[in-house]
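Q: Before we start, here is the structure in question, set down as structure tokens.
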Amino acid sequence: MPRTLIGKFRLIGFVEGLSYLLLLGVAMPLKYYWGMPIYVKVVGMTHGILFILYCLQLYLTMRHHKWSLGYAAYLFVAALIPFGTFYTDRRLREMAANASQVAILFDDLIRPTPAYRAAPFVLEELHSG
């Protein structure tokens, strides 16, 4: 299970994109060519729930990483296009790799600073992902 917001967003994007392809490539042909509409109902409902989760995760990740509204709109529109979430995943993977860099706060004896006050906030931010 991914631990960062971008990792969770990538995972939901992958599963949502896969459900979209199953809906378009399997369930829709079964409905219109072989008269089996039940598959569209099941896969369509699953895809709808995953799409809502994708949008919620997009909002949370956008707010946390302070993405522009334009970039969030780009990711939203990409989810509407088949293979769109797979296309955007490359850039998100790069962003996640860069987000794994951390800064360590430490104190020296020459210039005492109240690091004990700042450390809990730094640790909380590191654990929140």
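Ligands are numbered from 1 in the order shown, residues from 1 within each chain, and chains are lettered A, B, ... in the order they appear in the structure tokens.
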Show which residues sit within 10 Å of A:Leu53, as a compact mmCIF listing (two decimals) with C-alpha atoms, in the first residue's frame. Count only C-alpha atoms, and ignore same-chain residues fewer than 6 positions away.
A:
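Writing the result to around.txt gives the following:
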# COMPACT_ATOMS: atom_id res chain seq x y z
CA PHE A 9 -3.36 8.89 -6.16
CA ILE A 12 -6.36 4.86 -7.61
CA GLY A 13 -5.59 6.28 -11.06
CA GLU A 16 -9.74 3.60 -12.25
CA HIS A 47 -15.97 2.38 -12.44
CA TYR A 59 -8.54 17.05 -4.54
Q: Give me, as a ChimeraX atom specification, all polymer residues having an atom no more than 7 Å from stretch 20-29 of chain A, counting only C-alpha atoms and skipping those fewer than 5 positions away in the same chain.
A: /A:39-40,43-44,47,82
Q: With distances taken over only C-alpha atoms, which of A:Leu5, A:Leu92, A:Met45, A:Leu126 is nearest to A:His64?
A: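 Result for the nearest residue to A:His64: A:Leu5.
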Q: Between A:Tyr74, A:Asn98, A:Gly17, A:Leu11, which has the minimum distance to A:Phe86 (counting only C-alpha atoms)?
A: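 For A:Phe86, the nearest of the candidates is A:Gly17.
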Q: Any chance you could list, as a ChimeraX atom specification, the residues in stretch 2-120 of chain A that come up helix (DSSP H, G or I) when DSSP is run on the backbone?
A: /A:5-34,38-65,69-80,84-99,115-120
Q: Write the selection just made, keeping C-alpha atoms, as a PDB file, in the first residue's frame?
A:
ATOM      1  CA  LEU A   5      -0.580  10.968  -1.210  1.00  0.00           C
ATOM      2  CA  ILE A   6       0.892  10.884  -4.695  1.00  0.00           C
ATOM      3  CA  GLY A   7       1.396   7.125  -4.376  1.00  0.00           C
ATOM      4  CA  LYS A   8      -2.218   6.637  -3.320  1.00  0.00           C
ATOM      5  CA  PHE A   9      -3.360   8.890  -6.155  1.00  0.00           C
ATOM      6  CA  ARG A  10      -1.305   6.873  -8.660  1.00  0.00           C
ATOM      7  CA  LEU A  11      -2.781   3.606  -7.367  1.00  0.00           C
ATOM      8  CA  ILE A  12      -6.356   4.859  -7.609  1.00  0.00           C
ATOM      9  CA  GLY A  13      -5.586   6.281 -11.063  1.00  0.00           C
ATOM     10  CA  PHE A  14      -4.282   2.909 -12.228  1.00  0.00           C
ATOM     11  CA  VAL A  15      -7.294   0.979 -10.926  1.00  0.00           C
ATOM     12  CA  GLU A  16      -9.736   3.600 -12.252  1.00  0.00           C
ATOM     13  CA  GLY A  17      -8.074   3.552 -15.671  1.00  0.00           C
ATOM     14  CA  LEU A  18      -8.202  -0.220 -15.730  1.00  0.00           C
ATOM     15  CA  SER A  19     -11.915  -0.215 -14.853  1.00  0.00           C
ATOM     16  CA  TYR A  20     -12.544   2.326 -17.621  1.00  0.00           C
ATOM     17  CA  LEU A  21     -10.819   0.096 -20.160  1.00  0.00           C
ATOM     18  CA  LEU A  22     -12.814  -2.922 -18.933  1.00  0.00           C
ATOM     19  CA  LEU A  23     -16.014  -0.927 -19.283  1.00  0.00           C
ATOM     20  CA  LEU A  24     -15.232   0.234 -22.810  1.00  0.00           C
ATOM     21  CA  GLY A  25     -13.422  -2.852 -24.097  1.00  0.00           C
ATOM     22  CA  VAL A  26     -15.296  -5.724 -22.473  1.00  0.00           C
ATOM     23  CA  ALA A  27     -18.608  -4.711 -20.897  1.00  0.00           C
ATOM     24  CA  MET A  28     -19.854  -2.441 -23.709  1.00  0.00           C
ATOM     25  CA  PRO A  29     -19.216  -4.993 -26.495  1.00  0.00           C
ATOM     26  CA  LEU A  30     -20.901  -7.674 -24.373  1.00  0.00           C
ATOM     27  CA  LYS A  31     -23.945  -5.440 -24.057  1.00  0.00           C
ATOM     28  CA  TYR A  32     -24.273  -4.247 -27.631  1.00  0.00           C
ATOM     29  CA  TYR A  33     -23.019  -7.272 -29.592  1.00  0.00           C
ATOM     30  CA  TRP A  34     -24.151 -10.195 -27.438  1.00  0.00           C
ATOM     31  CA  ILE A  38     -25.588  -6.929 -16.743  1.00  0.00           C
ATOM     32  CA  TYR A  39     -21.835  -6.504 -17.260  1.00  0.00           C
ATOM     33  CA  VAL A  40     -22.242  -2.802 -18.015  1.00  0.00           C
ATOM     34  CA  LYS A  41     -24.232  -2.395 -14.799  1.00  0.00           C
ATOM     35  CA  VAL A  42     -21.620  -4.122 -12.654  1.00  0.00           C
ATOM     36  CA  VAL A  43     -18.477  -2.717 -14.284  1.00  0.00           C
ATOM     37  CA  GLY A  44     -20.128   0.684 -14.768  1.00  0.00           C
ATOM     38  CA  MET A  45     -21.024   0.967 -11.066  1.00  0.00           C
ATOM     39  CA  THR A  46     -17.534  -0.125 -10.055  1.00  0.00           C
ATOM     40  CA  HIS A  47     -15.973   2.376 -12.437  1.00  0.00           C
ATOM     41  CA  GLY A  48     -18.252   5.139 -11.143  1.00  0.00           C
ATOM     42  CA  ILE A  49     -17.210   4.518  -7.547  1.00  0.00           C
ATOM     43  CA  LEU A  50     -13.540   4.403  -8.536  1.00  0.00           C
ATOM     44  CA  PHE A  51     -13.901   7.627 -10.519  1.00  0.00           C
ATOM     45  CA  ILE A  52     -15.380   9.382  -7.474  1.00  0.00           C
ATOM     46  CA  LEU A  53     -12.475   8.083  -5.362  1.00  0.00           C
ATOM     47  CA  TYR A  54     -10.076   9.332  -8.037  1.00  0.00           C
ATOM     48  CA  CYS A  55     -11.624  12.806  -7.901  1.00  0.00           C
ATOM     49  CA  LEU A  56     -11.505  12.893  -4.089  1.00  0.00           C
ATOM     50  CA  GLN A  57      -7.889  11.759  -4.036  1.00  0.00           C
ATOM     51  CA  LEU A  58      -7.068  14.320  -6.732  1.00  0.00           C
ATOM     52  CA  TYR A  59      -8.536  17.051  -4.539  1.00  0.00           C
ATOM     53  CA  LEU A  60      -6.635  15.910  -1.435  1.00  0.00           C
ATOM     54  CA  THR A  61      -3.346  15.563  -3.298  1.00  0.00           C
ATOM     55  CA  MET A  62      -3.826  18.891  -5.071  1.00  0.00           C
ATOM     56  CA  ARG A  63      -4.400  20.689  -1.769  1.00  0.00           C
ATOM     57  CA  HIS A  64      -1.486  19.025   0.005  1.00  0.00           C
ATOM     58  CA  HIS A  65       1.069  19.580  -2.761  1.00  0.00           C
ATOM     59  CA  LEU A  69      -5.979  24.416 -10.702  1.00  0.00           C
ATOM     60  CA  GLY A  70      -4.808  24.017 -14.297  1.00  0.00           C
ATOM     61  CA  TYR A  71      -2.712  20.950 -13.467  1.00  0.00           C
ATOM     62  CA  ALA A  72      -5.586  19.435 -11.478  1.00  0.00           C
ATOM     63  CA  ALA A  73      -7.919  20.079 -14.437  1.00  0.00           C
ATOM     64  CA  TYR A  74      -5.376  18.364 -16.711  1.00  0.00           C
ATOM     65  CA  LEU A  75      -5.386  15.277 -14.474  1.00  0.00           C
ATOM     66  CA  PHE A  76      -9.186  15.325 -14.302  1.00  0.00           C
ATOM     67  CA  VAL A  77      -9.591  15.529 -18.078  1.00  0.00           C
ATOM     68  CA  ALA A  78      -6.977  12.804 -18.533  1.00  0.00           C
ATOM     69  CA  ALA A  79      -9.199  10.479 -16.480  1.00  0.00           C
ATOM     70  CA  LEU A  80     -12.001  11.006 -18.995  1.00  0.00           C
ATOM     71  CA  GLY A  84      -5.269   8.960 -19.859  1.00  0.00           C
ATOM     72  CA  THR A  85      -4.445   7.943 -16.295  1.00  0.00           C
ATOM     73  CA  PHE A  86      -1.655   5.691 -17.565  1.00  0.00           C
ATOM     74  CA  TYR A  87      -0.228   8.590 -19.567  1.00  0.00           C
ATOM     75  CA  THR A  88      -0.195  10.961 -16.579  1.00  0.00           C
ATOM     76  CA  ASP A  89       1.298   8.325 -14.291  1.00  0.00           C
ATOM     77  CA  ARG A  90       4.826   8.865 -15.645  1.00  0.00           C
ATOM     78  CA  ARG A  91       4.920  12.481 -14.467  1.00  0.00           C
ATOM     79  CA  LEU A  92       3.327  11.573 -11.144  1.00  0.00           C
ATOM     80  CA  ARG A  93       5.955   8.866 -10.623  1.00  0.00           C
ATOM     81  CA  GLU A  94       8.692  11.467 -11.136  1.00  0.00           C
ATOM     82  CA  MET A  95       6.995  13.815  -8.692  1.00  0.00           C
ATOM     83  CA  ALA A  96       6.716  11.030  -6.106  1.00  0.00           C
ATOM     84  CA  ALA A  97      10.412  10.215  -6.498  1.00  0.00           C
ATOM     85  CA  ASN A  98      11.340  13.846  -5.915  1.00  0.00           C
ATOM     86  CA  ALA A  99       8.980  14.089  -2.947  1.00  0.00           C
ATOM     87  CA  ALA A 115      15.152  22.374  18.101  1.00  0.00           C
ATOM     88  CA  TYR A 116      13.086  20.453  20.619  1.00  0.00           C
ATOM     89  CA  ARG A 117      10.223  22.831  19.775  1.00  0.00           C
ATOM     90  CA  ALA A 118      10.516  22.411  16.009  1.00  0.00           C
ATOM     91  CA  ALA A 119      11.216  18.670  15.906  1.00  0.00           C
ATOM     92  CA  PRO A 120       7.635  17.503  16.670  1.00  0.00           C
TER      93      PRO A 120
END
